[in-house]
$ cat coords.cif   # mmCIF, C-alpha atoms and all ligand atoms
data_my_file
#
loop_
_atom_site.group_PDB
_atom_site.id
_atom_site.type_symbol
_atom_site.label_atom_id
_atom_site.label_comp_id
_atom_site.auth_asym_id
_atom_site.auth_seq_id
_atom_site.Cartn_x
_atom_site.Cartn_y
_atom_site.Cartn_z
ATOM 1 C CA MET A 1 20.375 7.969 -1.015
ATOM 2 C CA ASN A 2 16.805 7.457 -2.239
ATOM 3 C CA GLU A 3 14.269 10.351 -2.348
ATOM 4 C CA GLN A 4 12.773 9.481 1.056
ATOM 5 C CA MET A 5 16.186 9.497 2.731
ATOM 6 C CA LYS A 6 17.153 12.767 1.035
ATOM 7 C CA LYS A 7 14.023 14.480 2.387
ATOM 8 C CA VAL A 8 14.390 12.988 5.867
ATOM 9 C CA SER A 9 18.031 13.966 6.161
ATOM 10 C CA ALA A 10 17.427 17.484 4.727
ATOM 11 C CA HIS A 11 14.628 17.978 7.248
ATOM 12 C CA HIS A 12 16.831 16.873 10.138
ATOM 13 C CA ASP A 13 19.817 18.902 8.897
ATOM 14 C CA TRP A 14 17.527 21.929 9.101
ATOM 15 C CA TRP A 15 16.012 20.887 12.465
ATOM 16 C CA SER A 16 19.418 20.159 14.003
ATOM 17 C CA GLU A 17 19.920 23.839 14.896
ATOM 18 C CA THR A 18 16.941 23.889 17.280
ATOM 19 C CA TYR A 19 16.358 20.191 17.924
ATOM 20 C CA ASP A 20 17.812 20.081 21.456
ATOM 21 C CA SER A 21 16.125 23.262 22.661
ATOM 22 C CA ASP A 22 12.746 22.164 21.170
ATOM 23 C CA TYR A 23 13.220 18.744 22.677
ATOM 24 C CA PHE A 24 13.994 19.824 26.208
ATOM 25 C CA GLU A 25 11.304 22.512 26.160
ATOM 26 C CA HIS A 26 8.462 20.270 24.971
ATOM 27 C CA PHE A 27 9.685 16.768 25.765
ATOM 28 C CA ALA A 28 11.181 16.959 29.253
ATOM 29 C CA LEU A 29 8.649 14.484 30.670
ATOM 30 C CA TYR A 30 8.924 12.316 27.591
ATOM 31 C CA HIS A 31 12.698 12.267 28.229
ATOM 32 C CA ARG A 32 12.284 11.082 31.826
ATOM 33 C CA ILE A 33 9.864 8.345 30.777
ATOM 34 C CA THR A 34 12.198 7.132 28.015
ATOM 35 C CA LEU A 35 15.171 7.126 30.360
ATOM 36 C CA ASP A 36 13.190 5.143 32.931
ATOM 37 C CA ASN A 37 12.374 2.560 30.264
ATOM 38 C CA ILE A 38 15.954 2.311 28.977
ATOM 39 C CA ARG A 39 17.346 1.947 32.516
ATOM 40 C CA ARG A 40 15.215 -1.161 33.107
ATOM 41 C CA PHE A 41 17.046 -3.041 30.335
ATOM 42 C CA LEU A 42 20.654 -1.815 30.478
ATOM 43 C CA PRO A 43 23.424 -4.416 30.184
ATOM 44 C CA ASN A 44 25.011 -5.341 33.531
ATOM 45 C CA ASP A 45 28.467 -5.119 31.998
ATOM 46 C CA LYS A 46 29.593 -1.462 31.845
ATOM 47 C CA GLY A 47 32.137 -2.437 29.193
ATOM 48 C CA ALA A 48 29.281 -3.362 26.846
ATOM 49 C CA ILE A 49 28.936 -1.469 23.555
ATOM 50 C CA ILE A 50 25.544 0.024 22.703
ATOM 51 C CA LEU A 51 24.364 1.125 19.243
ATOM 52 C CA ASP A 52 22.308 4.341 19.217
ATOM 53 C CA ALA A 53 20.866 3.998 15.697
ATOM 54 C CA GLY A 54 19.267 7.124 14.245
ATOM 55 C CA GLY A 55 20.626 8.759 17.375
ATOM 56 C CA GLY A 56 20.494 12.340 16.051
ATOM 57 C CA THR A 57 22.148 14.921 18.300
ATOM 58 C CA GLY A 58 23.247 12.220 20.716
ATOM 59 C CA ILE A 59 20.780 12.774 23.552
ATOM 60 C CA TRP A 60 20.714 9.049 24.435
ATOM 61 C CA SER A 61 24.352 8.361 23.569
ATOM 62 C CA ILE A 62 25.421 11.028 26.036
ATOM 63 C CA GLU A 63 23.151 9.665 28.779
ATOM 64 C CA LEU A 64 24.603 6.193 28.224
ATOM 65 C CA ALA A 65 28.215 7.372 28.094
ATOM 66 C CA ARG A 66 27.709 9.245 31.360
ATOM 67 C CA MET A 67 26.575 5.952 32.885
ATOM 68 C CA GLY A 68 29.884 4.450 31.742
ATOM 69 C CA TYR A 69 28.905 2.588 28.547
ATOM 70 C CA ARG A 70 30.659 2.799 25.210
ATOM 71 C CA VAL A 71 28.330 3.873 22.409
ATOM 72 C CA VAL A 72 28.288 3.952 18.625
ATOM 73 C CA LEU A 73 26.020 6.766 17.442
ATOM 74 C CA THR A 74 24.743 6.661 13.843
ATOM 75 C CA ASP A 75 22.416 8.775 11.724
ATOM 76 C CA ILE A 76 21.849 9.798 8.097
ATOM 77 C CA SER A 77 21.760 13.531 8.895
ATOM 78 C CA GLU A 78 25.176 15.241 8.937
ATOM 79 C CA GLY A 79 23.547 18.235 10.653
ATOM 80 C CA MET A 80 22.292 16.152 13.577
ATOM 81 C CA LEU A 81 25.638 14.349 13.873
ATOM 82 C CA ASN A 82 27.581 17.625 13.792
ATOM 83 C CA LYS A 83 25.578 18.826 16.788
ATOM 84 C CA ALA A 84 26.355 15.530 18.492
ATOM 85 C CA ARG A 85 30.078 15.937 17.714
ATOM 86 C CA GLU A 86 30.114 19.429 19.295
ATOM 87 C CA LYS A 87 28.453 18.204 22.493
ATOM 88 C CA VAL A 88 30.524 15.038 22.762
ATOM 89 C CA SER A 89 33.719 17.005 22.401
ATOM 90 C CA GLU A 90 32.610 19.695 24.914
ATOM 91 C CA LEU A 91 31.729 16.980 27.431
ATOM 92 C CA LYS A 92 35.011 15.165 26.715
ATOM 93 C CA LEU A 93 33.178 11.946 25.913
ATOM 94 C CA ASP A 94 35.087 11.326 22.654
ATOM 95 C CA ASN A 95 36.674 8.199 24.081
ATOM 96 C CA GLN A 96 33.294 6.660 24.777
ATOM 97 C CA ILE A 97 31.139 7.748 21.831
ATOM 98 C CA GLU A 98 32.014 6.926 18.237
ATOM 99 C CA ILE A 99 29.958 8.861 15.671
ATOM 100 C CA ARG A 100 29.316 7.807 12.079
ATOM 101 C CA ILE A 101 26.922 8.308 9.171
ATOM 102 C CA SER A 102 24.872 5.182 8.631
ATOM 103 C CA ASP A 103 21.431 4.155 7.365
ATOM 104 C CA ILE A 104 19.544 1.771 9.659
ATOM 105 C CA CYS A 105 18.348 -0.137 6.575
ATOM 106 C CA SER A 106 21.879 -1.146 5.634
ATOM 107 C CA MET A 107 24.740 -1.322 8.133
ATOM 108 C CA PRO A 108 27.427 -3.470 6.453
ATOM 109 C CA GLU A 109 30.087 -1.671 8.552
ATOM 110 C CA PHE A 110 28.856 -3.581 11.615
ATOM 111 C CA GLY A 111 29.365 -7.277 12.120
ATOM 112 C CA ASP A 112 26.700 -9.695 13.317
ATOM 113 C CA GLU A 113 25.979 -9.738 17.077
ATOM 114 C CA GLN A 114 28.336 -6.834 17.773
ATOM 115 C CA PHE A 115 26.249 -4.858 20.283
ATOM 116 C CA ALA A 116 24.861 -5.704 23.715
ATOM 117 C CA MET A 117 21.962 -3.300 23.186
ATOM 118 C CA VAL A 118 20.499 -1.379 20.263
ATOM 119 C CA LEU A 119 18.447 1.798 20.634
ATOM 120 C CA CYS A 120 16.386 3.276 17.826
ATOM 121 C CA GLU A 121 14.611 6.124 19.586
ATOM 122 C CA GLY A 122 12.531 8.985 18.214
ATOM 123 C CA ASP A 123 11.017 7.393 15.101
ATOM 124 C CA PRO A 124 13.831 6.308 12.720
ATOM 125 C CA LEU A 125 11.784 3.152 11.997
ATOM 126 C CA SER A 126 8.801 5.334 11.061
ATOM 127 C CA TYR A 127 10.917 7.545 8.785
ATOM 128 C CA CYS A 128 13.309 5.104 7.129
ATOM 129 C CA GLY A 129 10.991 3.985 4.309
ATOM 130 C CA ASN A 130 11.533 0.269 4.920
ATOM 131 C CA HIS A 131 11.010 -0.700 8.553
ATOM 132 C CA ARG A 132 11.007 -4.440 7.798
ATOM 133 C CA VAL A 133 14.524 -4.305 6.385
ATOM 134 C CA ALA A 134 15.654 -1.936 9.163
ATOM 135 C CA VAL A 135 14.453 -4.200 11.987
ATOM 136 C CA LYS A 136 16.287 -7.149 10.413
ATOM 137 C CA GLU A 137 19.477 -5.054 10.479
ATOM 138 C CA LEU A 138 18.958 -3.940 14.094
ATOM 139 C CA VAL A 139 18.411 -7.559 15.133
ATOM 140 C CA ARG A 140 21.380 -8.811 13.123
ATOM 141 C CA VAL A 141 23.855 -6.571 14.957
ATOM 142 C CA VAL A 142 22.586 -7.299 18.497
ATOM 143 C CA GLN A 143 23.908 -10.203 20.527
ATOM 144 C CA PRO A 144 21.646 -13.148 21.408
ATOM 145 C CA GLY A 145 19.976 -12.214 24.696
ATOM 146 C CA GLY A 146 20.610 -8.519 23.910
ATOM 147 C CA ILE A 147 17.960 -5.829 23.865
ATOM 148 C CA VAL A 148 16.471 -3.769 21.026
ATOM 149 C CA ILE A 149 14.418 -0.702 22.009
ATOM 150 C CA ALA A 150 12.599 1.336 19.367
ATOM 151 C CA SER A 151 10.077 4.134 19.504
ATOM 152 C CA VAL A 152 7.756 4.873 16.581
ATOM 153 C CA ASP A 153 4.749 6.981 15.625
ATOM 154 C CA ASN A 154 1.445 5.612 16.866
ATOM 155 C CA ARG A 155 -1.219 5.117 14.180
ATOM 156 C CA ALA A 156 -4.186 6.034 16.385
ATOM 157 C CA ALA A 157 -2.592 9.351 17.312
ATOM 158 C CA ALA A 158 -1.393 10.071 13.754
ATOM 159 C CA LEU A 159 -5.065 10.509 12.798
ATOM 160 C CA ASN A 160 -4.838 13.861 14.573
ATOM 161 C CA TRP A 161 -2.542 15.148 11.810
ATOM 162 C CA LEU A 162 -5.344 14.614 9.284
ATOM 163 C CA ARG A 163 -8.363 15.623 11.285
ATOM 164 C CA LYS A 164 -8.562 19.205 10.026
ATOM 165 C CA LYS A 165 -8.242 18.437 6.315
ATOM 166 C CA ASP A 166 -10.955 15.775 6.206
ATOM 167 C CA ASP A 167 -9.018 14.104 3.370
ATOM 168 C CA HIS A 168 -10.802 10.767 3.107
ATOM 169 C CA ASN A 169 -8.174 9.119 0.911
ATOM 170 C CA ALA A 170 -5.345 10.019 3.282
ATOM 171 C CA ILE A 171 -7.372 8.826 6.280
ATOM 172 C CA GLN A 172 -8.187 5.515 4.545
ATOM 173 C CA GLN A 173 -4.548 5.062 3.593
ATOM 174 C CA LEU A 174 -3.329 5.727 7.124
ATOM 175 C CA LEU A 175 -5.857 3.352 8.662
ATOM 176 C CA GLN A 176 -5.193 0.562 6.178
ATOM 177 C CA THR A 177 -1.447 0.803 5.590
ATOM 178 C CA GLY A 178 -0.061 3.019 8.366
ATOM 179 C CA GLU A 179 1.417 5.387 5.773
ATOM 180 C CA VAL A 180 0.841 9.095 5.989
ATOM 181 C CA VAL A 181 2.614 12.220 4.814
ATOM 182 C CA MET A 182 3.270 14.261 7.916
ATOM 183 C CA PRO A 183 2.281 17.880 7.305
ATOM 184 C CA GLN A 184 5.312 20.190 7.498
ATOM 185 C CA GLU A 185 5.533 23.911 6.893
ATOM 186 C CA ARG A 186 8.002 23.384 4.037
ATOM 187 C CA GLU A 187 6.892 21.239 1.127
ATOM 188 C CA GLU A 188 10.389 19.809 0.593
ATOM 189 C CA PHE A 189 10.270 18.294 4.090
ATOM 190 C CA CYS A 190 6.993 16.397 3.506
ATOM 191 C CA TYR A 191 7.809 12.707 3.474
ATOM 192 C CA VAL A 192 6.022 9.441 4.146
ATOM 193 C CA ILE A 193 5.884 8.250 7.724
ATOM 194 C CA HIS A 194 4.859 4.791 8.810
ATOM 195 C CA ALA A 195 2.660 4.937 11.909
ATOM 196 C CA PHE A 196 2.294 1.607 13.704
ATOM 197 C CA THR A 197 -0.431 -0.128 15.648
ATOM 198 C CA PRO A 198 0.725 -1.907 18.830
ATOM 199 C CA ASP A 199 -0.116 -5.326 17.320
ATOM 200 C CA GLU A 200 1.788 -4.590 14.127
ATOM 201 C CA LEU A 201 4.829 -3.465 16.102
ATOM 202 C CA ARG A 202 4.723 -6.604 18.243
ATOM 203 C CA GLU A 203 4.439 -8.798 15.141
ATOM 204 C CA LEU A 204 7.370 -6.965 13.531
ATOM 205 C CA PHE A 205 9.595 -7.704 16.518
ATOM 206 C CA GLU A 206 8.423 -11.277 17.088
ATOM 207 C CA SER A 207 8.767 -12.274 13.431
ATOM 208 C CA ASN A 208 12.401 -11.092 13.579
ATOM 209 C CA GLY A 209 13.424 -13.254 16.519
ATOM 210 C CA LEU A 210 12.758 -10.847 19.390
ATOM 211 C CA SER A 211 10.666 -11.688 22.450
ATOM 212 C CA VAL A 212 8.673 -8.626 23.393
ATOM 213 C CA GLU A 213 9.353 -7.612 26.992
ATOM 214 C CA ARG A 214 7.377 -4.381 27.117
ATOM 215 C CA ILE A 215 5.370 -1.881 25.067
ATOM 216 C CA ILE A 216 4.668 1.578 26.472
ATOM 217 C CA GLY A 217 2.829 4.623 25.181
ATOM 218 C CA LYS A 218 4.626 7.995 25.303
ATOM 219 C CA LEU A 219 2.867 9.967 26.727
ATOM 220 C CA VAL A 220 -0.420 8.303 27.640
ATOM 221 C CA ILE A 221 -2.072 10.837 29.934
ATOM 222 C CA ALA A 222 -0.032 13.938 30.734
ATOM 223 C CA ARG A 223 -0.333 15.725 27.383
ATOM 224 C CA ARG A 224 -4.113 15.647 27.629
ATOM 225 C CA LEU A 225 -4.150 17.606 30.854
ATOM 226 C CA ALA A 226 -4.074 21.399 31.059
ATOM 227 C CA CYS A 227 -1.434 21.184 33.799
ATOM 228 C CA PHE A 228 0.999 19.477 31.373
ATOM 229 C CA LYS A 229 2.627 22.854 30.720
ATOM 230 C CA SER A 230 2.828 23.779 34.408
ATOM 231 C CA LYS A 231 6.312 24.645 35.645
ATOM 232 C CA ASP A 232 5.401 23.539 39.181
ATOM 233 C CA PRO A 233 7.808 20.685 40.053
ATOM 234 C CA ILE A 234 5.194 18.996 42.270
ATOM 235 C CA ILE A 235 2.761 18.819 39.356
ATOM 236 C CA GLN A 236 5.485 17.591 37.015
ATOM 237 C CA GLU A 237 6.366 14.864 39.538
ATOM 238 C CA TRP A 238 2.702 13.848 39.775
ATOM 239 C CA LEU A 239 2.461 13.635 35.956
ATOM 240 C CA TYR A 240 5.645 11.561 35.814
ATOM 241 C CA HIS A 241 4.246 9.048 38.296
ATOM 242 C CA LEU A 242 0.905 8.920 36.473
ATOM 243 C CA GLU A 243 2.756 8.066 33.269
ATOM 244 C CA LEU A 244 4.846 5.388 34.974
ATOM 245 C CA LYS A 245 1.711 3.812 36.404
ATOM 246 C CA TYR A 246 -0.319 3.699 33.173
ATOM 247 C CA ASN A 247 2.096 3.782 30.253
ATOM 248 C CA ASP A 248 2.263 -0.002 29.761
ATOM 249 C CA ASN A 249 -1.503 -0.401 30.049
ATOM 250 C CA PRO A 250 -2.862 -1.188 26.537
ATOM 251 C CA ALA A 251 -6.105 0.646 27.329
ATOM 252 C CA PHE A 252 -4.150 3.904 27.172
ATOM 253 C CA TYR A 253 -1.979 3.222 24.080
ATOM 254 C CA PRO A 254 -4.355 5.045 21.675
ATOM 255 C CA TRP A 255 -3.731 8.290 23.546
ATOM 256 C CA ALA A 256 0.030 8.226 23.015
ATOM 257 C CA GLY A 257 1.811 10.026 20.169
ATOM 258 C CA HIS A 258 4.529 7.373 20.263
ATOM 259 C CA LEU A 259 4.825 3.693 21.053
ATOM 260 C CA GLU A 260 8.047 2.292 22.471
ATOM 261 C CA ILE A 261 8.802 -1.413 22.238
ATOM 262 C CA VAL A 262 11.462 -3.493 23.987
ATOM 263 C CA GLY A 263 12.490 -6.849 22.559
ATOM 264 C CA ARG A 264 15.112 -9.366 23.656
ATOM 265 C CA LYS A 265 16.883 -11.343 20.934
ATOM 266 C CA ASN A 266 16.119 -15.013 21.249
ATOM 267 C CA LEU A 267 19.027 -17.327 22.011
ATOM 268 C CA GLY A 268 19.822 -19.522 19.010
ATOM 269 C CA PRO A 269 19.764 -23.323 19.171
ATOM 270 C CA GLY A 270 22.686 -24.666 21.195
ATOM 271 C CA THR A 271 23.359 -21.408 23.103
HETATM 272 C C1 LIG B 301 13.308 12.745 15.763
HETATM 273 S S1 LIG B 301 14.992 12.383 15.491
HETATM 274 C C2 LIG B 301 15.394 11.402 16.913
HETATM 275 C C3 LIG B 301 16.860 11.474 17.243
HETATM 276 C C4 LIG B 301 17.279 10.719 18.516
HETATM 277 N N1 LIG B 301 17.152 9.290 18.339
HETATM 278 C C5 LIG B 301 16.474 11.175 19.707
HETATM 279 O O1 LIG B 301 15.703 10.361 20.260
HETATM 280 O O2 LIG B 301 16.626 12.343 20.102
HETATM 281 C C6 LIG B 301 14.904 11.110 14.227
HETATM 282 C C7 LIG B 301 16.273 10.762 13.696
HETATM 283 O O3 LIG B 301 16.192 9.621 12.843
HETATM 284 C C8 LIG B 301 17.163 9.803 11.834
HETATM 285 N N2 LIG B 301 16.867 8.887 10.735
HETATM 286 C C9 LIG B 301 15.784 8.858 9.924
HETATM 287 N N3 LIG B 301 15.881 7.874 9.022
HETATM 288 C C10 LIG B 301 17.065 7.248 9.269
HETATM 289 C C11 LIG B 301 17.736 6.156 8.653
HETATM 290 N N4 LIG B 301 17.231 5.510 7.590
HETATM 291 N N5 LIG B 301 18.908 5.766 9.178
HETATM 292 C C12 LIG B 301 19.465 6.426 10.234
HETATM 293 N N6 LIG B 301 18.872 7.480 10.842
HETATM 294 C C13 LIG B 301 17.692 7.889 10.364
HETATM 295 C C14 LIG B 301 16.981 11.276 11.475
HETATM 296 O O4 LIG B 301 18.033 11.797 10.692
HETATM 297 C C15 LIG B 301 16.884 11.889 12.860
HETATM 298 O O5 LIG B 301 18.131 12.266 13.384
#

$ encode --input "coords.cif" --output "C-alpha cells" --more "lines below"
Ligand SMILES: C[S@@+](CC[C@H](N)C(=O)[O-])C[C@H]1O[C@@H](n2cnc3c(N)ncnc32)[C@H](O)[C@@H]1O
Amino acid sequence: MNEQMKKVSAHHDWWSETYDSDYFEHFALYHRITLDNIRRFLPNDKGAIILDAGGGTGIWSIELARMGYRVVLTDISEGMLNKAREKVSELKLDNQIEIRISDICSMPEFGDEQFAMVLCEGDPLSYCGNHRVAVKELVRVVQPGGIVIASVDNRAAALNWLRKKDDHNAIQQLLQTGEVVMPQEREEFCYVIHAFTPDELRELFESNGLSVERIIGKLVIARRLACFKSKDPIIQEWLYHLELKYNDNPAFYPWAGHLEIVGRKNLGPGT
C-alpha cells in the first residue's frame, strides 16, 4: 500500500464504526436519489453479477442483493468490510454477496468483461490517488454494453472546504488541478482528494470507451434550504421531487457536493 492508500484505509477503518449511522442520519435523501439513479440502469437479467467497487459497509451491495442480484463487494478498508460482513451475515445474504479486499487501481483477481454493472459510489475515484488508472480498471472488468456508475467530489463545491482559511495556494491548486487536502480533525487522516469538474469527468469516461448516459448533482437544491433538516415526511417528499426534477440540469451542478456519472461501455468492433 502506498502512503495515500494507508491514510485512506486508516481513516475509513476508524469511520467504519459510525459510518452507517452518520450516513442514514445526514444522507437519507442522498440515498434515495442515488438509488433512483442506479435503478434506471440495472441489468434486466437478475442472474447478472455486479461489482460494488469501494463499496465500504455494503450499503449498495445489500440493496442490490435484496433486488435479487449477485454482487462482489470490494474495498481497501478492512474496517468497512468487517461491518459489511456483519450485516450480510445477519441478513443471510452470504450466498449473494462476496466480499474481498481490493484496490480499484489494480484488480488482477477479476477477469476482463466479468461484470454486467460496476458501481463506484461515494468517492473512491476521488480518494484512490490515480483515478485515470482506476477508471481503466473499472472499464476493463465490465462487459461491453454494461454500465459503470461513479460518484465523486465536485470541484466547485470543494472550494467551500477552503473558504475559511483563505489559503491562496491551496485555492489555486484546487482550481487548476482538482487536488485538495480535505480538512479532517485528525492530521493522520488528511489526504489528497481529487475533486472533478463535470467536463473533466465526462472526458475521463469518454476517453476510456464509455458513452455518457447521465450526469447528476447530489444534492443540487435541498441542502441549501432550511427545511432540509425537517422531519416532516411531506417536506422530505417535496425535496426528493425537487432533486429528481433538477439534478441532471447542468445549471445546478455547481451547487452539488458530489457529481454522479453513468457510462455505458461501447460495443467493440464486430459485436
Ligand atoms: C465514503 S466511502 C463510500 C462507501 C460506499 N461506496 C458507499 O457509497 O456507502 C468511500 C470508500 O472508498 C474506499 N476506497 C478508497 N480508496 C479506495 C481504493 N483505492 N480502492 C478501493 N476502495 C477504496 C474507502 O475505503 C471507503 O470505504

$ axis_aligned_box --input "coords.cif" --around "segment 77-95 of chain A" --padding-each-side "8 Å" --output "lines of an AutoDock Vina configuration file"
center_x = 29.2
center_y = 13.9
center_z = 18.2
size_x = 30.9
size_y = 27.5
size_z = 34.5

$ residues_around --input "coords.cif" --residues "Arg85 of chain A" --least-positions-apart "5" --cutoff "9 Å" --atoms "all atoms listed in the file" --output "count of residues only"
6

$ resolve_selection --input "coords.cif" --expression "the PyMOL selection byres (((chain A and resi 197-208) around 9) and not hetatm)" --output "ChimeraX atom specification"
/A:131-132,135-136,139,152-156,178,195-196,209-212,215,250,253-254,259,261-263,265

$ atom_distance --input "coords.cif" --atom1 "atom CA of Cys120 of chain A" --atom2 "atom CA of Ser61 of chain A"
11.1 Å

$ resolve_selection --input "coords.cif" --expression "the PyMOL selection byres (((chain A and resi 53) around 12) and not hetatm)" --output "PDB file with C-alpha atoms, in the coordinates of the input"
ATOM      1  CA  ILE A  50      25.544   0.024  22.703  1.00  0.00           C
ATOM      2  CA  LEU A  51      24.364   1.125  19.243  1.00  0.00           C
ATOM      3  CA  ASP A  52      22.308   4.341  19.217  1.00  0.00           C
ATOM      4  CA  GLY A  54      19.267   7.124  14.245  1.00  0.00           C
ATOM      5  CA  GLY A  55      20.626   8.759  17.375  1.00  0.00           C
ATOM      6  CA  GLY A  56      20.494  12.340  16.051  1.00  0.00           C
ATOM      7  CA  THR A  57      22.148  14.921  18.300  1.00  0.00           C
ATOM      8  CA  GLY A  58      23.247  12.220  20.716  1.00  0.00           C
ATOM      9  CA  ILE A  59      20.780  12.774  23.552  1.00  0.00           C
ATOM     10  CA  TRP A  60      20.714   9.049  24.435  1.00  0.00           C
ATOM     11  CA  SER A  61      24.352   8.361  23.569  1.00  0.00           C
ATOM     12  CA  VAL A  71      28.330   3.873  22.409  1.00  0.00           C
ATOM     13  CA  VAL A  72      28.288   3.952  18.625  1.00  0.00           C
ATOM     14  CA  LEU A  73      26.020   6.766  17.442  1.00  0.00           C
ATOM     15  CA  THR A  74      24.743   6.661  13.843  1.00  0.00           C
ATOM     16  CA  ASP A  75      22.416   8.775  11.724  1.00  0.00           C
ATOM     17  CA  ILE A  76      21.849   9.798   8.097  1.00  0.00           C
ATOM     18  CA  SER A  77      21.760  13.531   8.895  1.00  0.00           C
ATOM     19  CA  LEU A  81      25.638  14.349  13.873  1.00  0.00           C
ATOM     20  CA  GLU A  98      32.014   6.926  18.237  1.00  0.00           C
ATOM     21  CA  ILE A  99      29.958   8.861  15.671  1.00  0.00           C
ATOM     22  CA  ARG A 100      29.316   7.807  12.079  1.00  0.00           C
ATOM     23  CA  ILE A 101      26.922   8.308   9.171  1.00  0.00           C
ATOM     24  CA  SER A 102      24.872   5.182   8.631  1.00  0.00           C
ATOM     25  CA  ASP A 103      21.431   4.155   7.365  1.00  0.00           C
ATOM     26  CA  ILE A 104      19.544   1.771   9.659  1.00  0.00           C
ATOM     27  CA  CYS A 105      18.348  -0.137   6.575  1.00  0.00           C
ATOM     28  CA  SER A 106      21.879  -1.146   5.634  1.00  0.00           C
ATOM     29  CA  MET A 107      24.740  -1.322   8.133  1.00  0.00           C
ATOM     30  CA  PHE A 110      28.856  -3.581  11.615  1.00  0.00           C
ATOM     31  CA  PHE A 115      26.249  -4.858  20.283  1.00  0.00           C
ATOM     32  CA  MET A 117      21.962  -3.300  23.186  1.00  0.00           C
ATOM     33  CA  VAL A 118      20.499  -1.379  20.263  1.00  0.00           C
ATOM     34  CA  LEU A 119      18.447   1.798  20.634  1.00  0.00           C
ATOM     35  CA  CYS A 120      16.386   3.276  17.826  1.00  0.00           C
ATOM     36  CA  GLU A 121      14.611   6.124  19.586  1.00  0.00           C
ATOM     37  CA  GLY A 122      12.531   8.985  18.214  1.00  0.00           C
ATOM     38  CA  ASP A 123      11.017   7.393  15.101  1.00  0.00           C
ATOM     39  CA  PRO A 124      13.831   6.308  12.720  1.00  0.00           C
ATOM     40  CA  LEU A 125      11.784   3.152  11.997  1.00  0.00           C
ATOM     41  CA  CYS A 128      13.309   5.104   7.129  1.00  0.00           C
ATOM     42  CA  ALA A 134      15.654  -1.936   9.163  1.00  0.00           C
ATOM     43  CA  VAL A 135      14.453  -4.200  11.987  1.00  0.00           C
ATOM     44  CA  GLU A 137      19.477  -5.054  10.479  1.00  0.00           C
ATOM     45  CA  LEU A 138      18.958  -3.940  14.094  1.00  0.00           C
ATOM     46  CA  VAL A 139      18.411  -7.559  15.133  1.00  0.00           C
ATOM     47  CA  VAL A 141      23.855  -6.571  14.957  1.00  0.00           C
ATOM     48  CA  VAL A 142      22.586  -7.299  18.497  1.00  0.00           C
ATOM     49  CA  VAL A 148      16.471  -3.769  21.026  1.00  0.00           C
ATOM     50  CA  ILE A 149      14.418  -0.702  22.009  1.00  0.00           C
ATOM     51  CA  ALA A 150      12.599   1.336  19.367  1.00  0.00           C
ATOM     52  CA  SER A 151      10.077   4.134  19.504  1.00  0.00           C
TER      53      SER A 151
END

$ closest_residue --input "coords.cif" --among "A:Leu175, A:Met5, A:Ala10, A:Ala65" --to "Asn95 of chain A" --atoms "only C-alpha atoms"
A:Ala65

$ resolve_selection --input "coords.cif" --expression "the PyMOL selection byres (((chain A and resi 191) around 8) and not hetatm)" --output "list in words"
Gln4, Lys7, Val8, Val181, Met182, Phe189, Cys190, Val192 and Ile193 of chain A

$ closest_residue --input "coords.cif" --among "A:Asn247, A:Ser89, A:Gln96, A:Asn130" --to "Arg70 of chain A" --atoms "all atoms listed in the file"
A:Gln96

$ closest_residue --input "coords.cif" --among "A:Tyr127, A:Tyr30, A:Trp255, A:Tyr240" --to "ligand LIG 301 (chain B)" --atoms "all atoms listed in the file"
A:Tyr127

$ atom_distance --input "coords.cif" --atom1 "atom CA of Gln143 of chain A" --atom2 "atom CA of Ala116 of chain A"
5.6 Å

$ atom_distance --input "coords.cif" --atom1 "atom N3 of ligand LIG 301 (chain B)" --atom2 "atom CA of Arg186 of chain A"
18.1 Å

$ residues_around --input "coords.cif" --residues "Arg140 of chain A" --least-positions-apart "6" --cutoff "9 Å" --atoms "all atoms listed in the file" --output "mmCIF file with C-alpha atoms, keeping the file's coordinate frame"
data_model
loop_
_atom_site.group_PDB
_atom_site.id
_atom_site.type_symbol
_atom_site.label_atom_id
_atom_site.label_comp_id
_atom_site.auth_asym_id
_atom_site.auth_seq_id
_atom_site.Cartn_x
_atom_site.Cartn_y
_atom_site.Cartn_z
ATOM 1 C CA GLY A 111 29.365 -7.277 12.120
ATOM 2 C CA ASP A 112 26.700 -9.695 13.317
ATOM 3 C CA GLU A 113 25.979 -9.738 17.077
ATOM 4 C CA GLN A 114 28.336 -6.834 17.773
#

$ closest_residue --input "coords.cif" --among "A:Arg66, A:Arg214, A:His258, A:Arg264" --to "ligand LIG 301 (chain B)" --atoms "all atoms listed in the file"
A:His258

$ closest_residue --input "coords.cif" --among "A:Asn160, A:Asn37, A:Ser126, A:Gln172" --to "ligand LIG 301 (chain B)" --atoms "only C-alpha atoms and all ligand atoms"
A:Ser126

$ closest_residue --input "coords.cif" --among "A:Gln173, A:Ala222, A:Ser21, A:Trp161" --to "Glu237 of chain A" --atoms "all atoms listed in the file"
A:Ala222

$ residues_around --input "coords.cif" --residues "Ala256 of chain A" --least-positions-apart "6" --cutoff "6 Å" --atoms "all atoms listed in the file" --output "ChimeraX atom specification"
/A:217-220
